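Listing of final.cif; format and content: mmCIF, C-alpha atoms and all ligand atoms.
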data_final
loop_
_atom_site.label_atom_id
_atom_site.label_comp_id
_atom_site.auth_asym_id
_atom_site.auth_seq_id
_atom_site.Cartn_x
_atom_site.Cartn_y
_atom_site.Cartn_z
CA MET A 1408 41.40 -86.13 -48.35
CA THR A 1409 40.27 -85.72 -44.75
CA HIS A 1410 40.30 -88.88 -42.66
CA ARG A 1411 38.17 -89.41 -39.58
CA ILE A 1412 40.39 -90.98 -36.95
CA ALA A 1413 39.23 -92.47 -33.65
CA VAL A 1414 42.03 -91.93 -31.14
CA ILE A 1415 42.15 -94.33 -28.20
CA GLY A 1416 45.05 -92.87 -26.22
CA GLY A 1417 44.39 -95.37 -23.45
CA ASP A 1418 46.46 -95.60 -20.29
CA GLY A 1419 49.86 -94.54 -19.00
CA ILE A 1420 52.01 -93.03 -21.71
CA GLY A 1421 49.45 -93.95 -24.41
CA PRO A 1422 47.88 -90.48 -24.73
CA GLU A 1423 51.34 -88.83 -24.69
CA VAL A 1424 52.59 -90.83 -27.66
CA THR A 1425 49.40 -90.66 -29.76
CA LYS A 1426 49.44 -86.88 -29.31
CA GLU A 1427 52.92 -86.68 -30.85
CA ALA A 1428 51.91 -89.06 -33.63
CA ILE A 1429 48.92 -86.91 -34.63
CA LYS A 1430 51.10 -83.81 -34.40
CA VAL A 1431 53.70 -85.23 -36.80
CA ALA A 1432 51.03 -86.63 -39.17
CA ARG A 1433 49.37 -83.22 -39.43
CA ALA A 1434 52.69 -81.43 -39.89
CA ALA A 1435 53.46 -83.81 -42.76
CA GLY A 1436 50.26 -82.68 -44.48
CA ALA A 1437 47.64 -85.18 -43.35
CA SER A 1438 44.14 -83.82 -42.93
CA LEU A 1439 42.77 -85.56 -39.86
CA GLU A 1440 39.51 -85.10 -38.05
CA THR A 1441 40.12 -86.81 -34.70
CA GLN A 1442 37.80 -87.89 -31.94
CA ASP A 1443 39.13 -89.08 -28.58
CA PHE A 1444 37.71 -92.19 -26.98
CA GLN A 1445 38.28 -92.74 -23.27
CA LEU A 1446 38.88 -96.47 -23.03
CA GLY A 1447 41.24 -98.67 -21.07
CA ALA A 1448 42.13 -99.35 -17.44
CA ALA A 1449 41.34 -95.89 -16.10
CA HIS A 1450 38.00 -95.90 -17.91
CA TYR A 1451 37.24 -99.37 -16.54
CA GLU A 1452 38.11 -98.31 -12.99
CA ARG A 1453 35.76 -95.34 -13.33
CA THR A 1454 32.84 -97.00 -15.09
CA ALA A 1455 33.27 -100.82 -14.83
CA GLU A 1456 32.82 -100.78 -18.63
CA VAL A 1457 35.40 -102.18 -21.04
CA LEU A 1458 33.84 -101.58 -24.47
CA LYS A 1459 30.12 -101.07 -24.87
CA ASP A 1460 28.40 -102.30 -28.03
CA GLU A 1461 27.37 -98.72 -28.83
CA THR A 1462 30.99 -97.57 -28.57
CA LEU A 1463 32.12 -100.42 -30.82
CA ALA A 1464 29.44 -99.46 -33.35
CA GLU A 1465 30.58 -95.84 -33.21
CA LEU A 1466 34.24 -96.83 -33.70
CA MET A 1467 33.22 -98.79 -36.79
CA SER A 1468 32.13 -95.59 -38.50
CA PHE A 1469 35.67 -94.14 -38.51
CA ASP A 1470 38.26 -94.45 -41.27
CA ALA A 1471 40.90 -95.77 -38.86
CA ILE A 1472 41.71 -96.17 -35.18
CA LEU A 1473 44.96 -94.97 -33.61
CA LEU A 1474 45.63 -96.58 -30.25
CA GLY A 1475 48.30 -95.65 -27.69
CA ALA A 1476 48.49 -98.30 -24.98
CA ILE A 1477 46.03 -100.11 -22.76
CA GLY A 1478 46.60 -101.49 -19.27
CA PRO A 1479 46.84 -100.76 -15.56
CA ALA A 1480 50.09 -100.10 -13.76
CA ILE A 1481 52.14 -103.21 -12.99
CA GLY A 1482 51.01 -104.65 -9.66
CA SER A 1483 47.63 -102.93 -9.78
CA THR A 1484 44.79 -105.22 -8.74
CA THR A 1485 41.87 -103.09 -9.89
CA VAL A 1486 41.70 -104.69 -13.34
CA PRO A 1487 41.83 -108.51 -13.44
CA SER A 1488 44.30 -109.84 -16.01
CA GLY A 1489 42.72 -110.48 -19.37
CA ILE A 1490 39.69 -108.21 -18.95
CA LEU A 1491 41.04 -105.37 -21.08
CA GLU A 1492 43.03 -107.62 -23.39
CA ARG A 1493 40.01 -109.77 -24.27
CA GLY A 1494 37.34 -107.12 -23.86
CA LEU A 1495 38.99 -104.27 -25.69
CA LEU A 1496 42.06 -104.93 -27.83
CA LEU A 1497 41.25 -108.47 -28.91
CA LYS A 1498 37.58 -107.60 -29.23
CA LEU A 1499 38.49 -104.86 -31.70
CA ARG A 1500 40.83 -107.16 -33.63
CA PHE A 1501 38.17 -109.87 -33.86
CA ALA A 1502 35.09 -107.70 -34.36
CA LEU A 1503 36.76 -105.67 -37.11
CA ASP A 1504 38.30 -108.84 -38.61
CA LEU A 1505 41.77 -107.28 -38.50
CA TYR A 1506 43.36 -110.51 -39.59
CA ILE A 1507 46.79 -109.13 -40.42
CA ASN A 1508 49.11 -107.78 -37.74
CA GLN A 1509 51.97 -106.23 -39.65
CA ARG A 1510 55.04 -105.42 -37.55
CA PRO A 1511 58.09 -103.90 -39.23
CA PHE A 1512 61.52 -103.87 -37.59
CA LEU A 1513 64.37 -101.72 -38.75
CA THR A 1514 67.68 -101.08 -37.05
CA LEU A 1515 68.77 -97.49 -37.50
CA ASP A 1516 72.00 -97.71 -35.51
CA PRO A 1517 73.39 -101.20 -34.83
CA THR A 1518 75.83 -99.85 -32.24
CA LEU A 1519 72.85 -98.98 -30.01
CA THR A 1520 71.33 -102.47 -30.09
CA THR A 1521 71.89 -105.45 -27.81
CA THR A 1522 73.26 -107.64 -30.59
CA HIS A 1523 74.89 -105.01 -32.84
CA LYS A 1524 73.29 -106.75 -35.82
CA PRO A 1525 71.14 -104.73 -38.21
CA VAL A 1526 67.57 -105.97 -38.61
CA ASP A 1527 65.33 -105.10 -41.55
CA MET A 1528 62.29 -107.30 -41.60
CA ILE A 1529 58.52 -107.41 -41.37
CA VAL A 1530 56.58 -109.95 -39.37
CA ILE A 1531 53.09 -110.85 -40.60
CA ARG A 1532 51.27 -112.22 -37.61
CA GLU A 1533 47.90 -113.90 -38.14
CA ASN A 1534 45.67 -111.83 -35.87
CA THR A 1535 42.24 -113.44 -35.44
CA GLU A 1536 42.83 -117.13 -34.75
CA GLY A 1537 45.17 -119.52 -32.97
CA ALA A 1538 45.37 -119.59 -29.18
CA TYR A 1539 43.81 -116.12 -29.08
CA VAL A 1540 40.39 -117.58 -29.91
CA GLY A 1541 40.34 -118.82 -26.31
CA GLU A 1542 39.28 -122.38 -26.98
CA GLY A 1543 39.56 -124.66 -23.97
CA GLY A 1544 38.40 -124.91 -20.43
CA LEU A 1545 39.20 -125.46 -16.80
CA LEU A 1546 37.80 -128.63 -15.26
CA ARG A 1547 37.41 -129.37 -11.56
CA LYS A 1548 38.69 -125.92 -10.65
CA GLY A 1549 40.15 -125.67 -7.19
CA THR A 1550 40.54 -129.41 -6.71
CA PRO A 1551 43.77 -131.42 -6.87
CA TYR A 1552 42.45 -132.86 -10.12
CA GLU A 1553 42.25 -129.64 -12.08
CA VAL A 1554 42.74 -129.85 -15.82
CA ALA A 1555 43.26 -126.81 -18.00
CA THR A 1556 43.17 -127.10 -21.77
CA GLN A 1557 43.94 -124.19 -24.06
CA GLY A 1558 43.47 -124.91 -27.71
CA SER A 1559 44.39 -123.18 -30.90
CA VAL A 1560 41.95 -122.68 -33.75
CA ASN A 1561 43.37 -122.59 -37.27
CA THR A 1562 41.05 -122.49 -40.28
CA ARG A 1563 42.11 -122.98 -43.87
CA ASN A 1564 40.63 -119.60 -44.74
CA GLY A 1565 42.30 -117.82 -41.82
CA VAL A 1566 45.69 -119.39 -42.46
CA GLU A 1567 45.56 -118.91 -46.21
CA ARG A 1568 44.60 -115.23 -46.15
CA ALA A 1569 47.50 -114.43 -43.81
CA ILE A 1570 49.93 -116.43 -45.92
CA ARG A 1571 48.72 -114.82 -49.16
CA PHE A 1572 49.15 -111.37 -47.68
CA ALA A 1573 52.71 -112.26 -46.68
CA PHE A 1574 53.52 -113.57 -50.16
CA ASP A 1575 52.22 -110.37 -51.76
CA LEU A 1576 54.33 -108.33 -49.37
CA ALA A 1577 57.46 -110.44 -49.88
CA GLN A 1578 57.04 -110.22 -53.64
CA SER A 1579 56.98 -106.42 -53.44
CA ARG A 1580 60.25 -106.23 -51.50
CA GLU A 1581 63.75 -106.22 -52.82
CA ARG A 1582 64.97 -109.48 -51.29
CA LYS A 1583 61.70 -111.38 -51.80
CA LEU A 1584 62.38 -113.81 -48.95
CA LEU A 1585 59.51 -115.29 -47.01
CA THR A 1586 59.96 -117.54 -43.99
CA LEU A 1587 57.18 -119.51 -42.36
CA VAL A 1588 57.75 -119.81 -38.61
CA HIS A 1589 55.86 -122.54 -36.76
CA LYS A 1590 56.49 -125.67 -34.72
CA THR A 1591 55.42 -128.37 -37.14
CA ASN A 1592 57.45 -131.06 -35.38
CA VAL A 1593 55.24 -130.86 -32.28
CA LEU A 1594 52.06 -129.04 -33.34
CA THR A 1595 51.32 -131.65 -35.94
CA TYR A 1596 47.73 -130.67 -36.72
CA SER A 1597 48.01 -126.89 -36.99
CA GLY A 1598 51.56 -127.20 -38.30
CA ASP A 1599 50.36 -129.47 -41.10
CA LEU A 1600 47.67 -127.00 -42.12
CA TRP A 1601 50.08 -124.06 -42.06
CA TYR A 1602 52.87 -125.89 -43.89
CA ARG A 1603 50.66 -127.36 -46.62
CA THR A 1604 48.93 -124.03 -47.22
CA PHE A 1605 52.31 -122.28 -47.34
CA LEU A 1606 53.60 -124.70 -50.00
CA GLU A 1607 50.43 -124.45 -52.06
CA VAL A 1608 50.38 -120.66 -52.10
CA ALA A 1609 54.14 -120.62 -52.79
CA SER A 1610 53.54 -122.35 -56.12
CA GLU A 1611 51.68 -119.19 -57.25
CA TYR A 1612 54.63 -116.93 -56.35
CA PRO A 1613 57.66 -118.26 -58.21
CA ALA A 1614 59.59 -115.02 -57.60
CA VAL A 1615 59.44 -115.43 -53.82
CA ILE A 1616 62.19 -117.43 -52.13
CA THR A 1617 60.68 -119.44 -49.30
CA SER A 1618 62.03 -121.09 -46.19
CA TYR A 1619 60.74 -122.63 -43.00
CA ASN A 1620 62.03 -122.33 -39.41
CA HIS A 1621 60.79 -123.89 -36.22
CA VAL A 1622 59.97 -121.10 -33.78
CA ASP A 1623 62.65 -122.12 -31.28
CA ALA A 1624 65.35 -121.97 -33.93
CA ALA A 1625 63.93 -118.68 -35.18
CA CYS A 1626 64.58 -117.22 -31.72
CA ILE A 1627 68.27 -118.05 -32.09
CA TYR A 1628 68.46 -116.65 -35.61
CA LEU A 1629 66.67 -113.44 -34.60
CA VAL A 1630 69.44 -112.82 -32.09
CA GLU A 1631 72.45 -114.23 -33.94
CA ALA A 1632 71.66 -113.86 -37.62
CA PRO A 1633 68.63 -111.62 -38.15
CA GLU A 1634 69.79 -110.87 -41.71
CA ARG A 1635 68.30 -114.26 -42.61
CA TYR A 1636 64.88 -112.64 -42.45
CA ASP A 1637 63.04 -110.36 -44.83
CA VAL A 1638 59.36 -111.25 -44.29
CA ILE A 1639 58.18 -113.76 -41.69
CA VAL A 1640 54.66 -115.17 -41.57
CA THR A 1641 53.48 -116.94 -38.44
CA ASP A 1642 50.50 -117.68 -36.23
CA ASN A 1643 49.02 -115.40 -33.61
CA LEU A 1644 50.86 -116.59 -30.50
CA PHE A 1645 54.26 -117.22 -32.10
CA GLY A 1646 53.85 -113.83 -33.76
CA ASP A 1647 53.17 -112.16 -30.44
CA ILE A 1648 56.29 -113.67 -28.87
CA ILE A 1649 58.78 -113.29 -31.71
CA THR A 1650 57.79 -109.68 -32.36
CA ASP A 1651 58.76 -108.72 -28.81
CA LEU A 1652 62.08 -110.47 -29.41
CA ALA A 1653 62.49 -108.78 -32.81
CA ALA A 1654 61.73 -105.42 -31.20
CA ALA A 1655 64.29 -105.98 -28.47
CA VAL A 1656 67.09 -106.93 -30.86
CA SER A 1657 66.32 -104.42 -33.61
CA GLN A 1658 66.16 -101.05 -31.89
CA GLY A 1659 64.11 -101.54 -28.75
CA ILE A 1660 60.41 -101.82 -27.98
CA GLY A 1661 60.08 -98.02 -28.17
CA TYR A 1662 60.61 -98.28 -31.94
CA ALA A 1663 58.18 -101.11 -32.71
CA ALA A 1664 55.10 -100.03 -34.67
CA SER A 1665 52.18 -102.14 -35.80
CA ALA A 1666 49.22 -102.17 -38.14
CA ASN A 1667 46.21 -104.37 -37.39
CA ILE A 1668 44.56 -104.42 -40.76
CA ASN A 1669 41.70 -105.80 -42.74
CA PRO A 1670 43.03 -105.72 -46.29
CA GLU A 1671 39.50 -105.89 -47.73
CA ARG A 1672 38.67 -102.69 -45.82
CA THR A 1673 35.38 -103.95 -44.46
CA GLY A 1674 35.78 -101.38 -41.66
CA PRO A 1675 38.42 -99.30 -39.92
CA SER A 1676 41.86 -100.79 -39.34
CA LEU A 1677 43.78 -100.20 -36.11
CA PHE A 1678 47.29 -98.85 -35.71
CA GLU A 1679 49.25 -99.00 -32.47
CA PRO A 1680 52.76 -99.08 -31.05
CA VAL A 1681 53.69 -102.56 -29.76
CA HIS A 1682 54.80 -101.23 -26.35
CA GLY A 1683 52.67 -101.01 -23.23
CA ALA A 1684 51.38 -98.25 -20.98
CA ALA A 1685 54.64 -97.77 -18.97
CA HIS A 1686 52.87 -96.01 -16.11
CA ASP A 1687 56.21 -95.33 -14.43
CA ARG A 1688 57.13 -92.97 -17.27
CA VAL A 1689 53.96 -90.88 -17.29
CA GLY A 1690 54.77 -87.18 -17.20
CA THR A 1691 58.53 -87.74 -17.13
CA GLY A 1692 59.08 -87.00 -20.81
CA GLU A 1693 60.77 -90.41 -21.11
CA ALA A 1694 58.08 -91.96 -23.32
CA ASN A 1695 59.39 -92.51 -26.83
CA PRO A 1696 56.69 -91.56 -29.38
CA TYR A 1697 58.70 -93.07 -32.26
CA ALA A 1698 56.62 -96.26 -32.49
CA ALA A 1699 53.35 -94.31 -32.35
CA ILE A 1700 54.59 -91.93 -35.07
CA ARG A 1701 55.59 -94.87 -37.25
CA SER A 1702 52.20 -96.50 -36.61
CA ALA A 1703 50.53 -93.27 -37.77
CA ALA A 1704 52.66 -93.37 -40.94
CA MET A 1705 51.46 -96.93 -41.56
CA MET A 1706 47.90 -95.70 -41.02
CA LEU A 1707 48.27 -92.90 -43.56
CA ASP A 1708 49.83 -95.27 -46.06
CA PHE A 1709 46.90 -97.66 -45.63
CA LEU A 1710 44.44 -94.78 -46.00
CA GLY A 1711 46.00 -93.86 -49.33
CA ASP A 1712 48.09 -90.87 -48.23
CA THR A 1713 51.14 -92.66 -49.55
CA ALA A 1714 53.28 -89.59 -50.24
CA ILE A 1715 52.66 -88.19 -46.74
CA ALA A 1716 53.37 -91.60 -45.22
CA ALA A 1717 56.61 -91.86 -47.21
CA LYS A 1718 57.64 -88.41 -46.00
CA ILE A 1719 57.19 -89.50 -42.37
CA GLU A 1720 58.97 -92.81 -42.96
CA HIS A 1721 61.84 -90.88 -44.53
CA ALA A 1722 61.97 -88.59 -41.49
CA LEU A 1723 61.96 -91.63 -39.19
CA ALA A 1724 65.08 -92.99 -40.87
CA VAL A 1725 67.01 -90.73 -38.50
CA LEU A 1726 67.02 -91.51 -34.79
CA PRO A 1727 65.86 -88.76 -32.43
CA PRO A 1728 68.61 -86.94 -30.51
CA ALA A 1729 69.75 -88.86 -27.42
CA GLY A 1730 68.08 -87.56 -24.28
CA ALA A 1731 65.25 -85.80 -26.11
CA THR A 1732 61.90 -85.78 -24.29
CA THR A 1733 58.58 -87.05 -25.66
CA THR A 1734 57.52 -83.68 -27.06
CA GLU A 1735 61.04 -82.85 -28.25
CA ILE A 1736 61.08 -86.08 -30.25
CA GLY A 1737 57.71 -85.10 -31.75
CA ASP A 1738 59.10 -81.64 -32.55
CA PHE A 1739 62.21 -83.20 -34.08
CA TYR A 1740 60.10 -85.18 -36.55
CA VAL A 1741 57.77 -82.23 -37.20
CA GLU A 1742 60.89 -80.33 -38.20
CA ARG A 1743 62.04 -83.19 -40.42
CA VAL A 1744 58.72 -83.53 -42.26
CA THR A 1745 58.38 -79.81 -42.86
CA HIS A 1746 61.93 -79.02 -44.08
C1 LIG B 1801 50.41 -107.25 -28.49
C2 LIG B 1801 49.97 -107.40 -27.07
C3 LIG B 1801 48.60 -108.06 -27.03
C4 LIG B 1801 48.71 -109.42 -27.68
C5 LIG B 1801 47.98 -108.18 -25.63
C6 LIG B 1801 47.93 -106.86 -24.93
C7 LIG B 1801 46.60 -108.81 -25.69
O1 LIG B 1801 50.90 -108.15 -26.35
O2 LIG B 1801 49.74 -106.49 -29.23
O3 LIG B 1801 51.42 -107.81 -28.88
O4 LIG B 1801 49.03 -110.42 -27.01
O5 LIG B 1801 48.48 -109.49 -28.88
MN MN B 1802 52.65 -108.73 -27.50
#

This structure in structure tokens:
Amino acid sequence: MTHRIAVIGGDGIGPEVTKEAIKVARAAGASLETQDFQLGAAHYERTAEVLKDETLAELMSFDAILLGAIGPAIGSTTVPSGILERGLLLKLRFALDLYINQRPFLTLDPTLTTTHKPVDMIVIRENTEGAYVGEGGLLRKGTPYEVATQGSVNTRNGVERAIRFAFDLAQSRERKLLTLVHKTNVLTYSGDLWYRTFLEVASEYPAVITSYNHVDAACIYLVEAPERYDVIVTDNLFGDIITDLAAAVSQGIGYAASANINPERTGPSLFEPVHGAAHDRVGTGEANPYAAIRSAAMMLDFLGDTAIAAKIEHALAVLPPAGATTTEIGDFYVERVTH
């Protein structure tokens, strides 16, 4: 089946890595009709627009969105911090109700990692609530009596649907381990809601082995004993932070893929590498398209092209040759999916 894919290459190395991802997906047999959308820092600098309502409406008509990376070069002052994050990426996650951010981590060669420990886990990050809602305010700005509050919104429905998704996923995996990561000893209100919901849903999944870790302890385990984890479920902000850590200790941020999904398929889901725009690598061939290629495989799997997705995942089980450039890495996986 042909899928209509909106490609938001974005800034920096974004367009370079999405190009390789589409190339590998097509070589593996996917039939993709793509349309490029110019969005991100460069687009904002040119037009002062972040994401128009008409563009959002147009994006909603696609089967899926593949995104490269969004953001200005480090030190650039043309785009105030938060404008693109809130106005583009988070807007898409919220508007499309992409409440699951699924981030898999797999170590292919432990000798190449910082900790030399193999990681094989998936983090399910709640993606539409928590601190990302932006609740709070700044009082008496600019005075010595300033007060900033930054809340976190957690609804029973939002928490439960993320937890249920994680239980389903854990149940489908070999080890069937699910760990809730939170900070219930300090965040007593949200922690209570998360912990109670976790226990309640657990009673419906007797085959899943559950555990709980405070987020600070989880940071130690991720570095020292990552084999403790199979599936982790956590809130939006903890999920953001621990997935960068998981990426760093598993194989590096260049290998971290993600799927922002709405399991009910009320609209297109969004697939993107976890890494940023890395403007310093543009045109050098140093951008690693691995994470974008894996994100495309997750996209195809979600769209029902499961055999093609599995073929790409199988190809990705081998690391690209050391020193290969962006396009050479793409070519390497094209070769692996076609032979
Ligand atoms: C991520 C990113 C985003 C987030 C930023 C760019 C808003 O760090 O996808 O992990 O915080 O979720
Ligand atoms: Mn992040």

The centre and edge lengths of an axis-aligned box containing all atoms of stretch 1489-1505 of chain A present in the file, extended by 6 Å on each side, are to be given in Å to one decimal, as JSON.
{"center_x": 39.1, "center_y": -107.4, "center_z": -28.8, "size_x": 19.9, "size_y": 18.2, "size_z": 31.7}

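Environment of ligand MN 1802 (chain B), defined as every protein or nucleic acid residue with an atom within 7 Å of it and counting all atoms listed in the file, comprises Asp1647, Ile1648, Asp1651 and Val1681 of chain A.
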
What does the distance from atom CA of A:Pro1517 to atom CA of A:Ala1573 come to in Å, to one decimal?
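Separation between atom CA of A:Pro1517 and atom CA of A:Ala1573: 26.3 Å.
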
Surroundings of ligand LIG 1801 (chain B) up to 9 Å, based on all atoms listed in the file, as a list in words
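Based on all atoms listed in the file, ligand LIG 1801 (chain B) is surrounded within 9 Å by Ala1476, Ile1477, Gly1478, Gly1489, Leu1491, Glu1492, Arg1493, Leu1495, Leu1496, Leu1497, Asn1508, Asn1534, Tyr1539, Asn1643, Leu1644, Gly1646, Asp1647, Ile1648, Thr1650, Asp1651, Ser1665, Glu1679, Pro1680, Val1681, His1682 and Gly1683 of chain A.
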
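Here atom CA of A:Phe1739 is placed at a distance of 21.4 Å from atom CA of A:Asp1712.
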
Quote the spacing between atom CA of A:Ala1432 and atom CA of A:Ile1700 in Å to one decimal place.
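These two atoms are separated by 7.6 Å.
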
Do a neighbour search on stretch 1623-1631 of chain A at 8 Å with only C-alpha atoms, toss out local chain neighbours closer than 3 positions, and write the hits as a VMD selection string.
chain A and resid 1522 1524 1588 1590 1620 1635 1649 1652 to 1653 1656

Surrounding residues of A:Leu1474 excluding itself and chain neighbours under 2 positions, 9 Å, only C-alpha atoms, as JSON, numbers by chain
{"A": [1413, 1414, 1415, 1416, 1417, 1421, 1422, 1425, 1472, 1476, 1477, 1677, 1678, 1679, 1680, 1699]}

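Using all atoms listed in the file, the residues found no farther than 12 Å from A:Glu1735, other than those of its own chain fewer than 6 positions away, are A:Glu1423, A:Val1424, A:Glu1427, A:Lys1430, A:Val1431, A:Gly1692, A:Glu1693, A:Ala1694, A:Asn1695, A:Pro1696, A:Tyr1697, A:Pro1727, A:Pro1728, A:Ala1729, A:Val1741, A:Glu1742.
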
Non-local contacts of A:Leu1594 (12 Å; all atoms listed in the file; under 2 positions in same chain excluded) as a VMD selection string
chain A and resid 1537 1558 to 1561 1589 to 1592 1596 to 1602 1621 to 1622 1642

So that I can see what lies close to A:Pro1487, please list as a PDB file with C-alpha atoms, in the coordinates of the input the residues with an atom at most 12 Å from it, counting all atoms listed in the file and leaving out residues fewer than 4 positions away in the same chain.
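The resulting file, around-v6.pdb, is reproduced below:
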ATOM      1  CA  ALA A1448      42.130 -99.350 -17.440  1.00  0.00           C
ATOM      2  CA  TYR A1451      37.240 -99.370 -16.540  1.00  0.00           C
ATOM      3  CA  GLU A1452      38.110 -98.310 -12.990  1.00  0.00           C
ATOM      4  CA  ALA A1455      33.270-100.820 -14.830  1.00  0.00           C
ATOM      5  CA  VAL A1457      35.400-102.180 -21.040  1.00  0.00           C
ATOM      6  CA  GLY A1478      46.600-101.490 -19.270  1.00  0.00           C
ATOM      7  CA  PRO A1479      46.840-100.760 -15.560  1.00  0.00           C
ATOM      8  CA  ALA A1480      50.090-100.100 -13.760  1.00  0.00           C
ATOM      9  CA  ILE A1481      52.140-103.210 -12.990  1.00  0.00           C
ATOM     10  CA  GLY A1482      51.010-104.650  -9.660  1.00  0.00           C
ATOM     11  CA  SER A1483      47.630-102.930  -9.780  1.00  0.00           C
ATOM     12  CA  LEU A1491      41.040-105.370 -21.080  1.00  0.00           C
ATOM     13  CA  GLU A1492      43.030-107.620 -23.390  1.00  0.00           C
ATOM     14  CA  ARG A1493      40.010-109.770 -24.270  1.00  0.00           C
ATOM     15  CA  GLY A1494      37.340-107.120 -23.860  1.00  0.00           C
TER      16      GLY A1494
END

Pick from A:Leu1545, A:Tyr1619, A:Gln1658, A:Ala1434, whichever lies nearest to A:His1523 using all atoms listed in the file
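Once distances to A:His1523 are computed over all atoms listed in the file, the minimum belongs to A:Gln1658.
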